[in-house]
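Peer 1: Here it is: the structure, laid out below.
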Amino acid sequence: MGKRQLVLEDGTVFIGEGFGSEQEAIGEVVFNTGMTGYQEIITDPSYCGQIVMMTYPLAGNYGINRDDVETVTPFIHGFIVKEVAAYPSNFRSEETLNDYLKANQIPGISGVDTRKLTKIIRLQGTMKAAIADSAIPYEQIVRQLRKTKLPKDQVRKTSTLKPYVVPGRGNRIVVVDCGMKHGILRELTKRNCHITVVPYNYSAEDILRLKADGLLLTNGPGNPKDVPETIAMIQQVIGKLPIFGICLGHQLLALACGADTEKMAFGHRGSNHPVKDLLTNKTYITSQNHSYAVQQASLAKTDLQLTQVALNDGTVEGIQHKRHAAFSVQYHPESSPGPEDTNHLFDTFLTMTEQGAKEDEVYA
Ligand SMILES: NC(=O)CC[C@H](N)C(=O)O
């Protein structure tokens with residue numbers, strides 16, 4: 001494949017080498033600071049519709065393996081890296097990053113000055129971008145980018161269409177799939193849970209009929225305000241089932257309880273975001289991927305308590321309900337990729353499911 005260009009909405013052009021699929025792509029360009037984990041990042045459905053740039057200068061060096069996918073069909077629109085390794089070396093490697101992206105119709109571009117691109121995004125915020133053949137006049141692409149609206153249906157695209165069960169002999173958990181990473185199921189199956197995964201728009205009535213012990217709201221793509229049906233469901237279930245929200249699930253729990261969310265300038269994406277737990281005074285290193293955040297001031301008018309904050313910028317990272325068994329975090333306790341510091345939150349949730357929905361002070 002020949003020269004390709006990455007064109008930003010503001011008219012900036014980067015020329016690089018194409019890899020992966022040859023097709024054109026449009027998406028919101030975001031950066032991830034993880035040094036490893038490109039396979040999990042590419043397959044995380046929360047990136048649906050986005051073009052992901054890695055700030056670490058090399059990707060593909062340990063190939064693609066059969067274990068680390070976070071969803072079977074990846075949803076990202078494009079992948080940007082400084083250098084892509086042509087010959088991976090790892091005992092688990094099954095194929096090259098190039099072959100994987102090609103097979104999944106995802107275009108990649110390498111040879112991009114990713115430090116410059118990161119600075120642009122940090123200063124101006126995330127913006128729309130396109131990966132295209134370098135022969136196309138860039139003005140034409142910029143015009144097209146300005147006309148393109150960010151999609152609002154990503155949760156519908158990434159959620160399961162029908163409920164299904166992952167049997168186990170332990171706690172019965174309903175997982176609301178808003179664009180779930182497999183890592184969440186991995187954590188629950190590791191703890192022997194009996195899991196029923198339901199679509200994002202499954203009704204409260206149908207969920208309660210499953211007689212589960214707890215409800216887990218997953219991560220997922222896009223603006224949390226684009227899924228009012230899930231917010232309405234949470235409002236009917238809270239107080240009846242213990243709830244644990246992760247990332248998009250955290251934002252949805254906040255909205256359901258009357259708090260507000262806002263879009264951040266360039267979000268948090270990486271494997272080393274420090275978060276402070278205000279209840280225990282402990283700091284954790286967390287895996288993150290989000291563009292939106294719960295507005296801290298909006299918590300005052302709700303029954304939600306702030307439990308965790310990001311140490312880099314002070315944004316909300318965790319909340320819990322003052323009266324009901326419900327809590328959530330903005331980061332990824334399932335890691336994949338990233339540190340497993342906060343893995344214990346799954347145990348906290350399971351303890352909560354054993355105590356019921358209305359206990360006070362159930363958060364450990
Ligand atoms: N990983 C996630 O669940 C992301 C949540 C939401 N889509 C955001 O960007 O903030």
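Chain identifiers are assigned as A, B, and so on, following the order in which chains appear in the structure tokens; residues are numbered from 1 within each chain, and ligands are numbered from 1 in order of appearance.
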Gly249 in chain A: which residues within 6 Å, counting only C-alpha atoms, same-chain residues fewer than 2 positions away excluded, as a PyMOL selection string?
Peer 2: chain A and resi 217-219+245-247+251-252
Peer 1: Could you tell me, counting only C-alpha atoms and all ligand atoms, which protein and nucleic acid residues lie no more than 10 Å from ligand 1, written as a CSV table (one decimal) with N, CA and C atoms, in the first residue's frame?
Peer 2:
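Final output, part-v6.csv:
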```
chain,number,residue,atom,x,y,z
A,44,ASP,N,-11.5,-3.1,22.2
A,44,ASP,CA,-12.4,-2.5,23.2
A,44,ASP,C,-13.6,-1.8,22.5
A,45,PRO,N,-14.8,-2.3,22.7
A,45,PRO,CA,-16.0,-1.6,22.0
A,45,PRO,C,-16.2,-0.2,22.4
A,46,SER,N,-15.6,0.3,23.5
A,46,SER,CA,-15.8,1.7,23.9
A,46,SER,C,-15.2,2.6,22.9
A,47,TYR,N,-14.3,2.1,22.0
A,47,TYR,CA,-13.6,3.0,21.0
A,47,TYR,C,-14.4,3.0,19.7
A,48,CYS,N,-15.6,2.4,19.7
A,48,CYS,CA,-16.5,2.3,18.5
A,48,CYS,C,-16.5,3.7,17.8
A,154,GLN,N,-23.8,4.3,18.9
A,154,GLN,CA,-22.8,3.3,19.1
A,154,GLN,C,-23.1,2.2,20.1
A,155,VAL,N,-23.9,2.5,21.2
A,155,VAL,CA,-24.2,1.5,22.2
A,155,VAL,C,-25.1,0.4,21.5
A,178,CYS,N,-23.6,-2.7,27.4
A,178,CYS,CA,-23.6,-1.4,26.7
A,178,CYS,C,-22.5,-1.3,25.7
A,179,GLY,N,-21.8,-2.4,25.4
A,179,GLY,CA,-20.7,-2.4,24.6
A,179,GLY,C,-19.5,-3.0,25.4
A,180,MET,N,-19.9,-4.2,26.0
A,180,MET,CA,-19.0,-4.8,27.0
A,180,MET,C,-17.7,-5.3,26.5
A,181,LYS,N,-16.7,-5.2,27.3
A,181,LYS,CA,-15.4,-5.8,27.1
A,181,LYS,C,-15.5,-7.2,27.7
A,217,LEU,N,-23.4,-2.8,35.3
A,217,LEU,CA,-23.6,-1.9,34.1
A,217,LEU,C,-22.2,-1.8,33.5
A,218,THR,N,-22.1,-2.2,32.2
A,218,THR,CA,-20.7,-2.3,31.6
A,218,THR,C,-20.2,-0.9,31.0
A,219,ASN,N,-19.0,-1.0,30.6
A,219,ASN,CA,-18.4,0.1,29.8
A,219,ASN,C,-19.1,0.2,28.4
A,220,GLY,N,-18.8,1.1,27.7
A,220,GLY,CA,-19.4,1.2,26.3
A,220,GLY,C,-19.1,2.6,25.7
A,221,PRO,N,-19.4,2.7,24.4
A,221,PRO,CA,-19.0,3.8,23.6
A,221,PRO,C,-19.9,5.0,23.7
A,222,GLY,N,-19.4,6.2,23.3
A,222,GLY,CA,-20.3,7.4,23.1
A,222,GLY,C,-20.7,8.1,24.3
A,223,ASN,N,-21.7,9.0,24.1
A,223,ASN,CA,-22.2,9.9,25.1
A,223,ASN,C,-23.2,9.2,26.0
A,224,PRO,N,-23.1,9.2,27.3
A,224,PRO,CA,-24.1,8.4,28.1
A,224,PRO,C,-25.5,8.9,27.9
A,225,LYS,N,-25.6,10.2,27.5
A,225,LYS,CA,-27.0,10.8,27.4
A,225,LYS,C,-27.7,10.2,26.1
A,226,ASP,N,-26.9,9.5,25.3
A,226,ASP,CA,-27.5,8.9,24.1
A,226,ASP,C,-28.3,7.6,24.4
A,245,GLY,N,-21.4,-0.1,38.5
A,245,GLY,CA,-21.2,0.5,37.2
A,245,GLY,C,-19.8,0.7,36.9
A,246,ILE,N,-19.4,0.3,35.6
A,246,ILE,CA,-18.0,0.5,35.2
A,246,ILE,C,-18.0,1.5,34.0
A,247,CYS,N,-17.3,2.5,34.1
A,247,CYS,CA,-17.1,3.5,33.0
A,247,CYS,C,-18.4,4.1,32.4
A,248,LEU,N,-18.9,3.6,31.2
A,248,LEU,CA,-20.1,4.1,30.8
A,248,LEU,C,-21.2,3.8,31.8
A,249,GLY,N,-21.1,2.6,32.4
A,249,GLY,CA,-22.1,2.2,33.4
A,249,GLY,C,-22.1,3.1,34.6
A,250,HIS,N,-20.9,3.7,35.0
A,250,HIS,CA,-20.7,4.7,36.0
A,250,HIS,C,-21.5,6.0,35.7
A,251,GLN,N,-21.3,6.4,34.4
A,251,GLN,CA,-21.9,7.6,34.0
A,251,GLN,C,-23.4,7.5,34.0
A,252,LEU,N,-23.9,6.3,33.6
A,252,LEU,CA,-25.3,6.1,33.5
A,252,LEU,C,-25.9,6.0,34.9
A,261,THR,N,-23.4,14.8,33.4
A,261,THR,CA,-22.1,14.4,32.8
A,261,THR,C,-21.7,15.5,31.8
A,262,GLU,N,-20.3,15.6,31.5
A,262,GLU,CA,-19.9,16.5,30.5
A,262,GLU,C,-18.8,15.9,29.7
A,263,LYS,N,-18.5,16.5,28.5
A,263,LYS,CA,-17.4,16.0,27.7
A,263,LYS,C,-16.1,16.6,28.1
A,264,MET,N,-15.1,15.8,28.2
A,264,MET,CA,-13.8,16.4,28.6
A,264,MET,C,-13.0,16.8,27.3
A,266,PHE,N,-9.9,16.2,26.1
A,266,PHE,CA,-9.3,15.1,25.4
A,266,PHE,C,-9.4,13.7,26.1
A,267,GLY,N,-10.1,13.7,27.2
A,267,GLY,CA,-10.4,12.4,27.9
A,267,GLY,C,-9.2,11.8,28.6
A,268,HIS,N,-9.4,10.6,29.1
A,268,HIS,CA,-8.3,9.8,29.8
A,268,HIS,C,-8.2,8.5,29.0
A,269,ARG,N,-7.1,8.2,28.5
A,269,ARG,CA,-6.9,6.9,27.9
A,269,ARG,C,-5.5,6.4,28.1
A,287,SER,N,-6.5,1.6,34.7
A,287,SER,CA,-6.6,1.6,33.2
A,287,SER,C,-7.8,2.4,32.8
A,288,GLN,N,-7.7,3.3,31.9
A,288,GLN,CA,-8.8,4.2,31.6
A,288,GLN,C,-9.0,4.4,30.1
A,289,ASN,N,-10.2,4.7,29.7
A,289,ASN,CA,-10.6,5.0,28.3
A,289,ASN,C,-11.9,5.7,28.4
A,290,HIS,N,-11.9,7.0,28.5
A,290,HIS,CA,-13.2,7.7,28.4
A,290,HIS,C,-13.1,9.2,28.0
A,291,SER,N,-14.2,9.7,27.4
A,291,SER,CA,-14.2,11.1,26.9
A,291,SER,C,-15.1,11.9,27.8
A,292,TYR,N,-16.0,11.3,28.5
A,292,TYR,CA,-17.0,12.0,29.3
A,292,TYR,C,-16.7,11.8,30.8
A,293,ALA,N,-17.2,12.7,31.6
A,293,ALA,CA,-17.0,12.5,33.1
A,293,ALA,C,-18.2,13.0,33.8
A,294,VAL,N,-18.4,12.5,35.0
A,294,VAL,CA,-19.5,13.0,35.9
A,294,VAL,C,-19.1,14.4,36.4
A,330,GLN,N,-15.2,5.2,37.2
A,330,GLN,CA,-15.0,5.7,35.9
A,330,GLN,C,-13.9,4.9,35.1
A,331,TYR,N,-13.1,4.2,35.8
A,331,TYR,CA,-11.9,3.4,35.2
A,331,TYR,C,-12.3,2.0,35.0
A,332,HIS,N,-11.3,1.2,34.7
A,332,HIS,CA,-11.5,-0.3,34.4
A,332,HIS,C,-10.9,-1.2,35.4
```
Peer 1: Quick one: of A:Asp177, A:Glu70, A:Asp277, A:Glu334, who's nearest to Gly318 in chain A, counting only C-alpha atoms?
Peer 2: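 Of all the options, A:Asp277 lies closest to Gly318 in chain A.
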Peer 1: When DSSP is applied to the backbone of this structure, which of range 30-250 of chain A are assigned strand (DSSP E)? Write them out as a PyMOL selection string.
Peer 2: chain A and resi 30-32+50-54+58-59+78-81+83-84+107-110+127-133+164-166+172-177+194-199+214-217+243-246
Peer 1: Can you list every residue of range 56-172 of chain A that has an atom at most 7 Å from range 8-30 of chain A, with its nearest atom pair and the distance in Å to one decimal, using only C-alpha atoms, ordered by chain then number, as a Markdown table?
Peer 2:
```
| residue | atom | partner | partner_atom | distance |
| --- | --- | --- | --- | --- |
| A:His77 | CA | A:Ala25 | CA | 6.0 |
| A:Gly78 | CA | A:Ala25 | CA | 6.5 |
| A:Asn98 | CA | A:Gly20 | CA | 4.6 |
| A:Asp99 | CA | A:Gly20 | CA | 6.3 |
| A:Leu101 | CA | A:Gly20 | CA | 4.5 |
| A:Lys102 | CA | A:Gly20 | CA | 4.1 |
| A:Gln105 | CA | A:Ser21 | CA | 5.0 |
| A:Ile106 | CA | A:Ser21 | CA | 5.1 |
| A:Pro107 | CA | A:Ser21 | CA | 4.3 |
| A:Gly108 | CA | A:Phe19 | CA | 4.9 |
| A:Ile109 | CA | A:Gly18 | CA | 4.6 |
| A:Ser110 | CA | A:Glu17 | CA | 5.2 |
| A:Gly111 | CA | A:Gly16 | CA | 4.8 |
| A:Val112 | CA | A:Gly16 | CA | 5.6 |
| A:Thr126 | CA | A:Val30 | CA | 6.0 |
| A:Met127 | CA | A:Glu28 | CA | 5.4 |
| A:Lys128 | CA | A:Glu28 | CA | 4.2 |
| A:Ala129 | CA | A:Leu8 | CA | 4.3 |
| A:Ala130 | CA | A:Ile26 | CA | 4.4 |
| A:Ile131 | CA | A:Ala25 | CA | 5.3 |
| A:Ala132 | CA | A:Glu24 | CA | 4.9 |
| A:Val142 | CA | A:Glu9 | CA | 5.5 |
| A:Leu145 | CA | A:Glu9 | CA | 5.9 |
| A:Arg146 | CA | A:Glu9 | CA | 6.5 |
```
Peer 1: Restricting the output to N, CA and C atoms, write the selected residues as a PDB file, in the first residue's frame.
Peer 2:
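Final output, part-v3.pdb:
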```pdb
ATOM      1  N   HIS A  77     -12.391   2.663  14.207  1.00  0.00           N
ATOM      2  CA  HIS A  77     -12.404   3.037  12.785  1.00  0.00           C
ATOM      3  C   HIS A  77     -11.012   3.156  12.179  1.00  0.00           C
ATOM      4  N   GLY A  78      -9.987   3.330  13.007  1.00  0.00           N
ATOM      5  CA  GLY A  78      -8.653   3.463  12.441  1.00  0.00           C
ATOM      6  C   GLY A  78      -7.613   3.407  13.540  1.00  0.00           C
ATOM      7  N   ASN A  98      -0.771  -6.025  11.220  1.00  0.00           N
ATOM      8  CA  ASN A  98      -1.180  -5.668   9.861  1.00  0.00           C
ATOM      9  C   ASN A  98      -2.247  -6.630   9.335  1.00  0.00           C
ATOM     10  N   ASP A  99      -2.011  -7.934   9.466  1.00  0.00           N
ATOM     11  CA  ASP A  99      -2.979  -8.928   8.956  1.00  0.00           C
ATOM     12  C   ASP A  99      -4.293  -8.858   9.728  1.00  0.00           C
ATOM     13  N   LEU A 101      -5.641  -6.213  11.257  1.00  0.00           N
ATOM     14  CA  LEU A 101      -6.407  -5.017  10.885  1.00  0.00           C
ATOM     15  C   LEU A 101      -6.994  -5.185   9.475  1.00  0.00           C
ATOM     16  N   LYS A 102      -6.218  -5.790   8.588  1.00  0.00           N
ATOM     17  CA  LYS A 102      -6.700  -6.018   7.223  1.00  0.00           C
ATOM     18  C   LYS A 102      -7.938  -6.911   7.257  1.00  0.00           C
ATOM     19  N   GLN A 105     -11.056  -5.059   8.363  1.00  0.00           N
ATOM     20  CA  GLN A 105     -11.366  -3.821   7.608  1.00  0.00           C
ATOM     21  C   GLN A 105     -11.086  -2.542   8.397  1.00  0.00           C
ATOM     22  N   ILE A 106      -9.959  -2.548   9.099  1.00  0.00           N
ATOM     23  CA  ILE A 106      -9.586  -1.332   9.843  1.00  0.00           C
ATOM     24  C   ILE A 106      -8.310  -0.757   9.216  1.00  0.00           C
ATOM     25  N   PRO A 107      -8.366   0.491   8.721  1.00  0.00           N
ATOM     26  CA  PRO A 107      -7.149   1.074   8.165  1.00  0.00           C
ATOM     27  C   PRO A 107      -6.192   1.562   9.256  1.00  0.00           C
ATOM     28  N   GLY A 108      -4.909   1.417   8.986  1.00  0.00           N
ATOM     29  CA  GLY A 108      -3.898   1.922   9.905  1.00  0.00           C
ATOM     30  C   GLY A 108      -2.983   2.870   9.153  1.00  0.00           C
ATOM     31  N   ILE A 109      -2.325   3.756   9.886  1.00  0.00           N
ATOM     32  CA  ILE A 109      -1.319   4.624   9.268  1.00  0.00           C
ATOM     33  C   ILE A 109      -0.129   4.708  10.216  1.00  0.00           C
ATOM     34  N   SER A 110       1.083   4.495   9.664  1.00  0.00           N
ATOM     35  CA  SER A 110       2.295   4.576  10.483  1.00  0.00           C
ATOM     36  C   SER A 110       3.178   5.696   9.946  1.00  0.00           C
ATOM     37  N   GLY A 111       4.249   5.987  10.652  1.00  0.00           N
ATOM     38  CA  GLY A 111       5.152   7.050  10.212  1.00  0.00           C
ATOM     39  C   GLY A 111       4.630   8.433  10.550  1.00  0.00           C
ATOM     40  N   VAL A 112       3.607   8.488  11.393  1.00  0.00           N
ATOM     41  CA  VAL A 112       3.028   9.775  11.793  1.00  0.00           C
ATOM     42  C   VAL A 112       3.813  10.340  12.982  1.00  0.00           C
ATOM     43  N   THR A 126     -10.166  16.684  21.434  1.00  0.00           N
ATOM     44  CA  THR A 126     -10.366  15.643  20.412  1.00  0.00           C
ATOM     45  C   THR A 126     -11.102  16.261  19.224  1.00  0.00           C
ATOM     46  N   MET A 127     -10.782  15.773  18.037  1.00  0.00           N
ATOM     47  CA  MET A 127     -11.483  16.292  16.852  1.00  0.00           C
ATOM     48  C   MET A 127     -11.651  15.174  15.832  1.00  0.00           C
ATOM     49  N   LYS A 128     -12.449  15.479  14.820  1.00  0.00           N
ATOM     50  CA  LYS A 128     -12.676  14.478  13.788  1.00  0.00           C
ATOM     51  C   LYS A 128     -11.462  14.403  12.870  1.00  0.00           C
ATOM     52  N   ALA A 129     -11.231  13.228  12.313  1.00  0.00           N
ATOM     53  CA  ALA A 129     -10.085  13.037  11.424  1.00  0.00           C
ATOM     54  C   ALA A 129     -10.430  11.950  10.414  1.00  0.00           C
ATOM     55  N   ALA A 130      -9.613  11.901   9.358  1.00  0.00           N
ATOM     56  CA  ALA A 130      -9.818  10.859   8.343  1.00  0.00           C
ATOM     57  C   ALA A 130      -8.484  10.247   7.966  1.00  0.00           C
ATOM     58  N   ILE A 131      -8.506   8.953   7.653  1.00  0.00           N
ATOM     59  CA  ILE A 131      -7.341   8.288   7.068  1.00  0.00           C
ATOM     60  C   ILE A 131      -7.727   8.020   5.615  1.00  0.00           C
ATOM     61  N   ALA A 132      -6.937   8.520   4.673  1.00  0.00           N
ATOM     62  CA  ALA A 132      -7.304   8.397   3.260  1.00  0.00           C
ATOM     63  C   ALA A 132      -6.064   8.292   2.388  1.00  0.00           C
ATOM     64  N   VAL A 142     -11.315  17.765   4.420  1.00  0.00           N
ATOM     65  CA  VAL A 142     -11.673  18.673   5.530  1.00  0.00           C
ATOM     66  C   VAL A 142     -13.145  19.076   5.397  1.00  0.00           C
ATOM     67  N   LEU A 145     -15.190  16.252   6.519  1.00  0.00           N
ATOM     68  CA  LEU A 145     -15.116  16.081   7.985  1.00  0.00           C
ATOM     69  C   LEU A 145     -16.021  17.070   8.700  1.00  0.00           C
ATOM     70  N   ARG A 146     -16.029  18.313   8.220  1.00  0.00           N
ATOM     71  CA  ARG A 146     -16.840  19.343   8.889  1.00  0.00           C
ATOM     72  C   ARG A 146     -18.320  19.013   8.799  1.00  0.00           C
TER      73      ARG A 146
END
```
Peer 1: For a test of reading the model, state the distance in Å between CA of Gly239 in chain A and CA of Lys157 in chain A, rounded to one decimal.
Peer 2: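 Result for CA of Gly239 in chain A versus CA of Lys157 in chain A: 29.4 Å, one decimal.
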Peer 1: What's the 12 Å shell around range 301-306 of chain A, counting only C-alpha atoms, without same-chain residues fewer than 4 positions away, as a PyMOL selection string?
Peer 2: chain A and resi 238+250+253-260+276-279+294-297+310+314-330+361+363
Peer 1: Could you dump the residues just selected with C-alpha atoms as a short mmCIF file (atom, residue, chain, number, x, y, z; two decimals), in the first residue's frame?
Peer 2:
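Contents of selection.cif, freshly written:
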```
data_model
loop_
_atom_site.label_atom_id
_atom_site.label_comp_id
_atom_site.auth_asym_id
_atom_site.auth_seq_id
_atom_site.Cartn_x
_atom_site.Cartn_y
_atom_site.Cartn_z
CA ILE A 238 -31.94 0.94 42.03
CA HIS A 250 -20.74 4.66 36.05
CA LEU A 253 -25.73 5.41 37.22
CA ALA A 254 -24.85 9.07 37.89
CA LEU A 255 -27.37 10.33 35.33
CA ALA A 256 -30.04 7.97 36.68
CA CYS A 257 -29.55 9.49 40.16
CA GLY A 258 -29.89 13.07 38.91
CA ALA A 259 -26.23 14.04 38.43
CA ASP A 260 -24.88 15.43 35.17
CA LYS A 276 -7.38 8.33 44.90
CA ASP A 277 -9.98 6.50 46.95
CA LEU A 278 -11.24 9.17 49.35
CA LEU A 279 -12.70 6.61 51.78
CA VAL A 294 -19.50 13.00 35.85
CA GLN A 295 -19.74 16.70 36.77
CA GLN A 296 -18.55 16.93 40.35
CA ALA A 297 -20.72 19.93 41.31
CA ALA A 310 -8.36 11.39 39.40
CA GLY A 314 -9.31 16.08 39.96
CA THR A 315 -12.21 14.69 37.92
CA VAL A 316 -14.77 12.25 39.37
CA GLU A 317 -13.58 8.62 39.32
CA GLY A 318 -15.97 6.93 41.73
CA ILE A 319 -19.36 7.40 43.39
CA GLN A 320 -21.62 5.48 45.72
CA HIS A 321 -25.28 5.85 46.64
CA LYS A 322 -25.93 7.07 50.18
CA ARG A 323 -29.00 4.86 50.77
CA HIS A 324 -28.94 2.03 48.25
CA ALA A 325 -26.34 -0.61 47.41
CA ALA A 326 -24.99 1.01 44.25
CA PHE A 327 -21.50 2.18 43.37
CA SER A 328 -19.46 2.79 40.27
CA VAL A 329 -16.04 3.73 38.93
CA GLN A 330 -14.97 5.65 35.86
CA GLU A 361 -22.62 1.37 54.36
CA TYR A 363 -19.27 -0.22 50.26
#
```
Peer 1: Do you have the CA of Met233 in chain A-CA of Ser336 in chain A distance handy?
Peer 2: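 The value is 28.0 Å.
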Peer 1: So what do you get for CA of Asn272 in chain A versus CA of Gly125 in chain A, distance-wise?
Peer 2: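 Answer for the CA of Asn272 in chain A to CA of Gly125 in chain A separation: 20.4 Å.
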Peer 1: Looking at only C-alpha atoms, which of A:Gln144, A:Ser89, A:Thr158, A:Thr118 is the one that sits closest to Ile76 in chain A?
Peer 2: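 Answer, going by the shortest atom-to-atom distance: A:Thr158.
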Peer 1: Pick the closest to Gly214 in chain A from A:Asp68, A:Glu40, A:Glu354, A:Glu139: which is it, counting only C-alpha atoms?
Peer 2: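 Checking each of A:Asp68, A:Glu40, A:Glu354, A:Glu139 against Gly214 in chain A, counting only C-alpha atoms, the winner is A:Glu354.
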Peer 1: Which of these residues is nearest to Lys119 in chain A, using only C-alpha atoms: A:Thr280, A:Thr55, A:Thr71, A:Asn90?
Peer 2: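 The closest residue to Lys119 in chain A is A:Thr55.
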